[in-house]
file final20.cif (mmCIF, C-alpha atoms)
data_work
loop_
_atom_site.group_PDB
_atom_site.id
_atom_site.type_symbol
_atom_site.label_atom_id
_atom_site.label_comp_id
_atom_site.auth_asym_id
_atom_site.auth_seq_id
_atom_site.Cartn_x
_atom_site.Cartn_y
_atom_site.Cartn_z
ATOM 1 C CA MET A 13 3.779 -4.317 -132.335
ATOM 2 C CA ASP A 14 1.064 -2.268 -133.982
ATOM 3 C CA ASP A 15 1.206 1.293 -132.644
ATOM 4 C CA ARG A 16 -2.419 1.882 -133.646
ATOM 5 C CA LEU A 17 -3.556 -0.912 -131.291
ATOM 6 C CA ILE A 18 -1.689 0.725 -128.382
ATOM 7 C CA GLU A 19 -3.176 4.115 -129.159
ATOM 8 C CA GLU A 20 -6.673 2.594 -129.412
ATOM 9 C CA SER A 21 -6.235 0.804 -126.052
ATOM 10 C CA LEU A 22 -5.083 3.986 -124.365
ATOM 11 C CA SER A 23 -8.025 5.831 -125.871
ATOM 12 C CA ILE A 24 -10.490 3.230 -124.518
ATOM 13 C CA ASP A 25 -8.910 3.329 -121.040
ATOM 14 C CA SER A 26 -9.026 7.078 -121.011
ATOM 15 C CA GLN A 27 -12.681 7.112 -122.051
ATOM 16 C CA PHE A 28 -13.568 4.436 -119.450
ATOM 17 C CA SER A 29 -11.796 6.316 -116.673
ATOM 18 C CA SER A 30 -13.587 9.520 -117.592
ATOM 19 C CA ASN A 31 -16.970 7.779 -117.609
ATOM 20 C CA THR A 32 -16.224 6.209 -114.234
ATOM 21 C CA HIS A 33 -15.536 9.572 -112.649
ATOM 22 C CA ALA A 34 -18.701 10.974 -114.182
ATOM 23 C CA ILE A 35 -20.811 8.142 -112.771
ATOM 24 C CA GLU A 36 -19.278 8.612 -109.316
ATOM 25 C CA LYS A 37 -20.114 12.312 -109.436
ATOM 26 C CA ILE A 38 -23.714 11.617 -110.442
ATOM 27 C CA VAL A 39 -24.132 9.039 -107.670
ATOM 28 C CA ASN A 40 -22.552 11.249 -105.010
ATOM 29 C CA ASP A 41 -24.590 14.265 -106.063
ATOM 30 C CA SER A 42 -27.827 12.278 -105.986
ATOM 31 C CA PHE A 43 -27.261 11.299 -102.333
ATOM 32 C CA VAL A 44 -26.551 14.810 -101.112
ATOM 33 C CA ASN A 45 -29.456 15.728 -98.842
ATOM 34 C CA ASP A 46 -30.163 19.005 -97.221
ATOM 35 C CA GLU A 47 -29.876 18.845 -93.449
ATOM 36 C CA ILE A 48 -33.261 19.065 -91.782
ATOM 37 C CA ASP A 49 -33.666 19.821 -88.106
ATOM 38 C CA PHE A 50 -36.354 17.861 -86.275
ATOM 39 C CA THR A 51 -37.757 18.944 -82.956
ATOM 40 C CA ILE A 52 -39.089 16.152 -80.753
ATOM 41 C CA PRO A 53 -42.235 17.407 -79.051
ATOM 42 C CA THR A 54 -42.397 17.277 -75.280
ATOM 43 C CA ARG A 55 -45.878 15.783 -75.441
ATOM 44 C CA TYR A 56 -48.416 14.506 -77.984
ATOM 45 C CA PHE A 57 -51.627 15.412 -76.117
ATOM 46 C CA GLU A 58 -52.804 11.791 -76.058
ATOM 47 C CA THR A 59 -53.327 9.667 -72.985
ATOM 48 C CA THR A 60 -50.940 6.702 -73.028
ATOM 49 C CA LEU A 61 -49.151 4.335 -70.649
ATOM 50 C CA THR A 62 -46.571 2.058 -72.279
ATOM 51 C CA PHE A 63 -44.410 -0.562 -70.575
ATOM 52 C CA LEU A 64 -41.183 -1.975 -72.095
ATOM 53 C CA PRO A 65 -38.768 -4.670 -70.842
ATOM 54 C CA ILE A 66 -35.026 -4.028 -71.074
ATOM 55 C CA SER A 67 -33.487 -6.902 -69.108
ATOM 56 C CA ASN A 68 -34.381 -9.272 -66.278
ATOM 57 C CA GLU A 69 -33.654 -6.492 -63.782
ATOM 58 C CA ARG A 70 -34.556 -3.351 -65.703
ATOM 59 C CA TYR A 71 -37.867 -2.128 -67.120
ATOM 60 C CA TYR A 72 -39.027 1.146 -68.623
ATOM 61 C CA PHE A 73 -42.386 2.853 -68.903
ATOM 62 C CA TYR A 74 -43.566 6.245 -70.088
ATOM 63 C CA TRP A 75 -46.874 8.017 -69.795
ATOM 64 C CA GLU A 76 -48.881 11.000 -70.816
ATOM 65 C CA PHE A 77 -52.206 12.031 -69.332
ATOM 66 C CA THR A 78 -54.233 14.774 -70.955
ATOM 67 C CA LYS A 79 -56.025 17.327 -68.832
ATOM 68 C CA GLU A 80 -59.319 16.081 -70.214
ATOM 69 C CA PHE A 81 -58.499 12.557 -69.037
ATOM 70 C CA LEU A 82 -57.646 13.750 -65.531
ATOM 71 C CA ARG A 83 -60.785 15.870 -65.343
ATOM 72 C CA SER A 84 -62.879 12.830 -66.311
ATOM 73 C CA TYR A 85 -61.838 11.279 -62.963
ATOM 74 C CA ASN A 86 -62.343 14.527 -61.045
ATOM 75 C CA ILE A 87 -58.707 14.573 -59.981
ATOM 76 C CA ASP A 88 -57.850 17.817 -58.220
ATOM 77 C CA SER A 89 -54.273 17.018 -57.188
ATOM 78 C CA LEU A 90 -51.616 14.985 -59.000
ATOM 79 C CA ASP A 91 -50.271 13.915 -55.612
ATOM 80 C CA SER A 92 -53.203 11.510 -55.302
ATOM 81 C CA ILE A 93 -51.952 9.477 -58.300
ATOM 82 C CA ILE A 94 -49.428 6.612 -58.096
ATOM 83 C CA PHE A 95 -48.140 3.954 -60.481
ATOM 84 C CA ARG A 96 -48.359 0.334 -59.408
ATOM 85 C CA VAL A 97 -46.417 -2.662 -60.671
ATOM 86 C CA VAL A 98 -48.930 -5.502 -60.669
ATOM 87 C CA SER A 99 -48.395 -9.229 -61.325
ATOM 88 C CA HIS A 100 -50.537 -11.358 -63.649
ATOM 89 C CA ASP A 101 -52.715 -12.453 -60.723
ATOM 90 C CA GLY A 102 -53.314 -8.902 -59.449
ATOM 91 C CA GLU A 103 -50.706 -8.821 -56.690
ATOM 92 C CA VAL A 104 -49.268 -5.345 -56.041
ATOM 93 C CA LEU A 105 -45.474 -5.660 -56.335
ATOM 94 C CA GLU A 106 -44.373 -2.035 -56.023
ATOM 95 C CA ASP A 107 -45.762 1.498 -55.802
ATOM 96 C CA ILE A 108 -44.120 4.392 -57.650
ATOM 97 C CA ASN A 109 -44.928 8.033 -56.977
ATOM 98 C CA PHE A 110 -46.564 9.952 -59.790
ATOM 99 C CA ALA A 111 -44.517 12.946 -60.939
ATOM 100 C CA ASP A 112 -46.276 14.921 -63.670
ATOM 101 C CA GLU A 113 -48.754 14.674 -66.515
ATOM 102 C CA VAL A 114 -45.940 13.523 -68.830
ATOM 103 C CA GLY A 115 -42.870 11.502 -67.897
ATOM 104 C CA GLU A 116 -40.827 8.305 -67.969
ATOM 105 C CA TYR A 117 -39.406 5.940 -65.368
ATOM 106 C CA PHE A 118 -36.885 3.083 -65.113
ATOM 107 C CA ILE A 119 -37.576 0.189 -62.741
ATOM 108 C CA ASN A 120 -34.355 -1.485 -61.576
ATOM 109 C CA LYS A 121 -35.681 -4.638 -60.000
ATOM 110 C CA SER A 122 -36.374 -8.310 -60.775
ATOM 111 C CA PHE A 123 -39.812 -9.856 -60.273
ATOM 112 C CA ASN A 124 -40.729 -13.420 -59.380
ATOM 113 C CA CYS A 125 -43.803 -13.954 -61.557
ATOM 114 C CA ASP A 126 -44.825 -14.615 -65.165
ATOM 115 C CA PHE A 127 -46.192 -11.255 -66.316
ATOM 116 C CA ILE A 128 -46.295 -7.725 -64.935
ATOM 117 C CA GLN A 129 -47.938 -4.473 -65.954
ATOM 118 C CA ILE A 130 -48.252 -0.893 -64.788
ATOM 119 C CA GLU A 131 -51.478 0.529 -63.385
ATOM 120 C CA ALA A 132 -52.152 4.228 -62.871
ATOM 121 C CA VAL A 133 -54.343 4.547 -59.773
ATOM 122 C CA TYR A 134 -55.573 7.448 -57.689
ATOM 123 C CA LEU A 135 -56.636 7.707 -54.071
ATOM 124 C CA LYS A 136 -59.964 9.280 -53.188
ATOM 125 C CA ASP A 137 -61.936 8.907 -49.972
ATOM 126 C CA GLY A 138 -59.505 6.198 -48.835
ATOM 127 C CA ILE A 139 -60.107 4.046 -51.928
ATOM 128 C CA TYR A 140 -57.649 3.395 -54.766
ATOM 129 C CA THR A 141 -59.226 3.396 -58.236
ATOM 130 C CA THR A 142 -57.447 2.212 -61.381
ATOM 131 C CA MET A 143 -57.543 4.776 -64.183
ATOM 132 C CA LEU A 144 -55.340 3.196 -66.822
ATOM 133 C CA ARG A 145 -53.386 -0.019 -67.409
ATOM 134 C CA SER A 146 -50.311 -0.524 -69.552
ATOM 135 C CA ASN A 147 -49.580 -3.461 -71.803
ATOM 136 C CA LYS A 148 -48.475 -6.696 -70.099
ATOM 137 C CA VAL A 149 -44.787 -7.601 -70.126
ATOM 138 C CA GLN A 150 -43.389 -11.103 -69.689
ATOM 139 C CA VAL A 151 -40.783 -11.309 -66.962
ATOM 140 C CA PHE A 152 -37.318 -12.398 -68.085
ATOM 141 C CA ASN A 153 -36.154 -15.693 -66.648
ATOM 142 C CA THR A 154 -33.219 -17.792 -67.864
ATOM 143 C CA ALA A 155 -33.706 -20.615 -65.364
ATOM 144 C CA ILE A 156 -34.865 -24.035 -66.552
ATOM 145 C CA ILE A 157 -38.090 -25.040 -64.853
ATOM 146 C CA TYR A 158 -38.758 -28.734 -64.286
ATOM 147 C CA PRO A 159 -42.458 -29.489 -63.777
ATOM 148 C CA LYS A 160 -41.657 -32.419 -61.519
ATOM 149 C CA SER A 161 -38.739 -33.174 -59.246
ATOM 150 C CA SER A 162 -38.561 -36.692 -60.727
ATOM 151 C CA ASN A 163 -37.761 -35.186 -64.145
ATOM 152 C CA LYS A 164 -34.748 -33.400 -62.740
ATOM 153 C CA VAL A 165 -33.517 -36.645 -61.176
ATOM 154 C CA TYR A 166 -33.983 -38.406 -64.525
ATOM 155 C CA MET A 167 -31.991 -35.714 -66.318
ATOM 156 C CA GLU A 168 -29.103 -36.140 -63.898
ATOM 157 C CA LYS A 169 -29.160 -39.933 -64.301
ATOM 158 C CA SER A 170 -29.429 -39.631 -68.074
ATOM 159 C CA ASN A 171 -26.384 -37.361 -68.194
ATOM 160 C CA GLY A 172 -24.523 -39.971 -66.148
ATOM 161 C CA PHE A 173 -25.528 -42.749 -68.560
ATOM 162 C CA THR A 174 -24.322 -40.649 -71.492
ATOM 163 C CA GLN A 175 -20.893 -40.208 -69.916
ATOM 164 C CA ILE A 176 -20.656 -43.949 -69.216
ATOM 165 C CA ILE A 177 -21.466 -44.735 -72.851
ATOM 166 C CA ARG A 178 -18.864 -42.259 -74.071
ATOM 167 C CA SER A 179 -16.115 -43.710 -71.889
ATOM 168 C CA SER A 180 -17.079 -47.292 -72.824
ATOM 169 C CA MET A 181 -16.848 -46.558 -76.532
ATOM 170 C CA GLN A 182 -13.208 -45.552 -76.181
ATOM 171 C CA HIS A 183 -12.300 -49.185 -75.405
ATOM 172 C CA PHE A 184 -13.913 -50.492 -78.606
ATOM 173 C CA THR A 185 -12.544 -48.020 -81.116
ATOM 174 C CA LEU A 186 -9.461 -50.124 -81.918
ATOM 175 C CA GLY A 187 -11.447 -52.965 -83.484
ATOM 176 C CA MET A 188 -14.175 -50.755 -84.909
ATOM 177 C CA SER A 189 -14.227 -49.477 -88.468
ATOM 178 C CA SER A 190 -14.386 -45.718 -89.007
ATOM 179 C CA ASP A 191 -17.831 -46.034 -90.576
ATOM 180 C CA THR A 192 -19.223 -47.962 -87.619
ATOM 181 C CA TYR A 193 -17.583 -45.563 -85.162
ATOM 182 C CA GLN A 194 -19.140 -42.557 -86.885
ATOM 183 C CA LYS A 195 -22.561 -44.224 -86.757
ATOM 184 C CA GLU A 196 -22.176 -44.865 -83.034
ATOM 185 C CA ILE A 197 -21.149 -41.267 -82.399
ATOM 186 C CA LYS A 198 -24.063 -39.986 -84.487
ATOM 187 C CA ALA A 199 -26.510 -42.187 -82.560
ATOM 188 C CA LEU A 200 -25.158 -40.914 -79.251
ATOM 189 C CA GLN A 201 -25.438 -37.297 -80.405
ATOM 190 C CA GLU A 202 -28.999 -37.884 -81.587
ATOM 191 C CA TYR A 203 -29.905 -39.400 -78.221
ATOM 192 C CA SER A 204 -28.500 -36.389 -76.371
ATOM 193 C CA HIS A 205 -30.308 -33.997 -78.699
ATOM 194 C CA GLN A 206 -33.678 -35.717 -78.262
ATOM 195 C CA LYS A 207 -33.229 -35.721 -74.492
ATOM 196 C CA GLU A 208 -32.527 -31.977 -74.450
ATOM 197 C CA GLU A 209 -35.504 -31.226 -76.706
ATOM 198 C CA LEU A 210 -37.809 -33.276 -74.501
ATOM 199 C CA PHE A 211 -37.083 -31.257 -71.385
ATOM 200 C CA SER A 212 -36.514 -27.865 -73.005
ATOM 201 C CA SER A 213 -40.247 -27.841 -73.789
ATOM 202 C CA HIS A 214 -40.867 -27.449 -70.042
ATOM 203 C CA VAL A 215 -38.955 -24.160 -69.883
ATOM 204 C CA THR A 216 -41.302 -21.278 -69.029
ATOM 205 C CA GLY A 217 -40.996 -17.593 -68.345
ATOM 206 C CA GLY A 218 -41.666 -17.693 -64.620
ATOM 207 C CA VAL A 219 -40.821 -19.575 -61.498
ATOM 208 C CA LYS A 220 -43.513 -22.004 -60.505
#
call {"tool": "encode", "arguments": {"input": "final20.cif", "output": "structure tokens"}}
result
Amino acid sequence: MDDRLIEESLSIDSQFSSNTHAIEKIVNDSFVNDEIDFTIPTRYFETTLTFLPISNERYYFYWEFTKEFLRSYNIDSLDSIIFRVVSHDGEVLEDINFADEVGEYFINKSFNCDFIQIEAVYLKDGIYTTMLRSNKVQVFNTAIIYPKSSNKVYMEKSNGFTQIIRSSMQHFTLGMSSDTYQKEIKALQEYSHQKEELFSSHVTGGVK
């Protein structure tokens, strides 16, 4: 064996290894960042009321009211302010006591409607006046809603027919070719899929 070839190979490996370590050092050094401390402000001095859904039984909202905003409604005491959970048709679902000019709150409750939002209202001379409204939030609902009772009956009958067809096919598989059997199975699956798609279009976000 040619000793020069071995020496040349070792020289190439050595050079490659050295270059690899150099590249790693350059990459690692380029991603070294100085640590920067960030301080989250306690308020932003902007009036806001934001509503966020978390689950079907948990919601979150936060608010900030500037002094200028409160003065525009001639509010002398914060005790006269409350938050209201309101449905899409204006029904008052819950009242929550106002705490301070800035804050956050978790609502641990489910609601039986399509949409809800938060209203900031204040009481003056026996009359509640709405100052600010949050964004609307769609209520979580995993239940399937059938627009008509007859559709639910049809779904139950259709599921029964599907099971009958499945059990009947088992008696014909002995004399049926594999190709024909696969076509029958595919047709049955397609029928079930179309049936599910037809009635899944009736699923909505609220209980009717």
call {"tool": "atom_distance", "arguments": {"input": "final20.cif", "atom1": "CA of Phe110 (chain A)", "atom2": "CA of Phe95 (chain A)"}}
result
6.2 Å
call {"tool": "resolve_selection", "arguments": {"input": "final20.cif", "expression": "the PyMOL selection byres ((chain A and resi 98) around 10)", "output": "VMD selection string"}}
result
chain A and resid 95 to 97 99 to 107 125 127 to 131 145 148
call {"tool": "resolve_selection", "arguments": {"input": "final20.cif", "expression": "the PyMOL selection byres ((chain A and resi 59-72) around 9)", "output": "number ranges by chain"}}
result
A: 56-58, 73-78, 81, 116-123, 129-132, 144-154
call {"tool": "atom_distance", "arguments": {"input": "final20.cif", "atom1": "CA of Thr51 (chain A)", "atom2": "CA of Ala111 (chain A)"}}
result
23.8 Å
call {"tool": "atom_distance", "arguments": {"input": "final20.cif", "atom1": "CA of Ile94 (chain A)", "atom2": "CA of Glu113 (chain A)"}}
result
11.7 Å
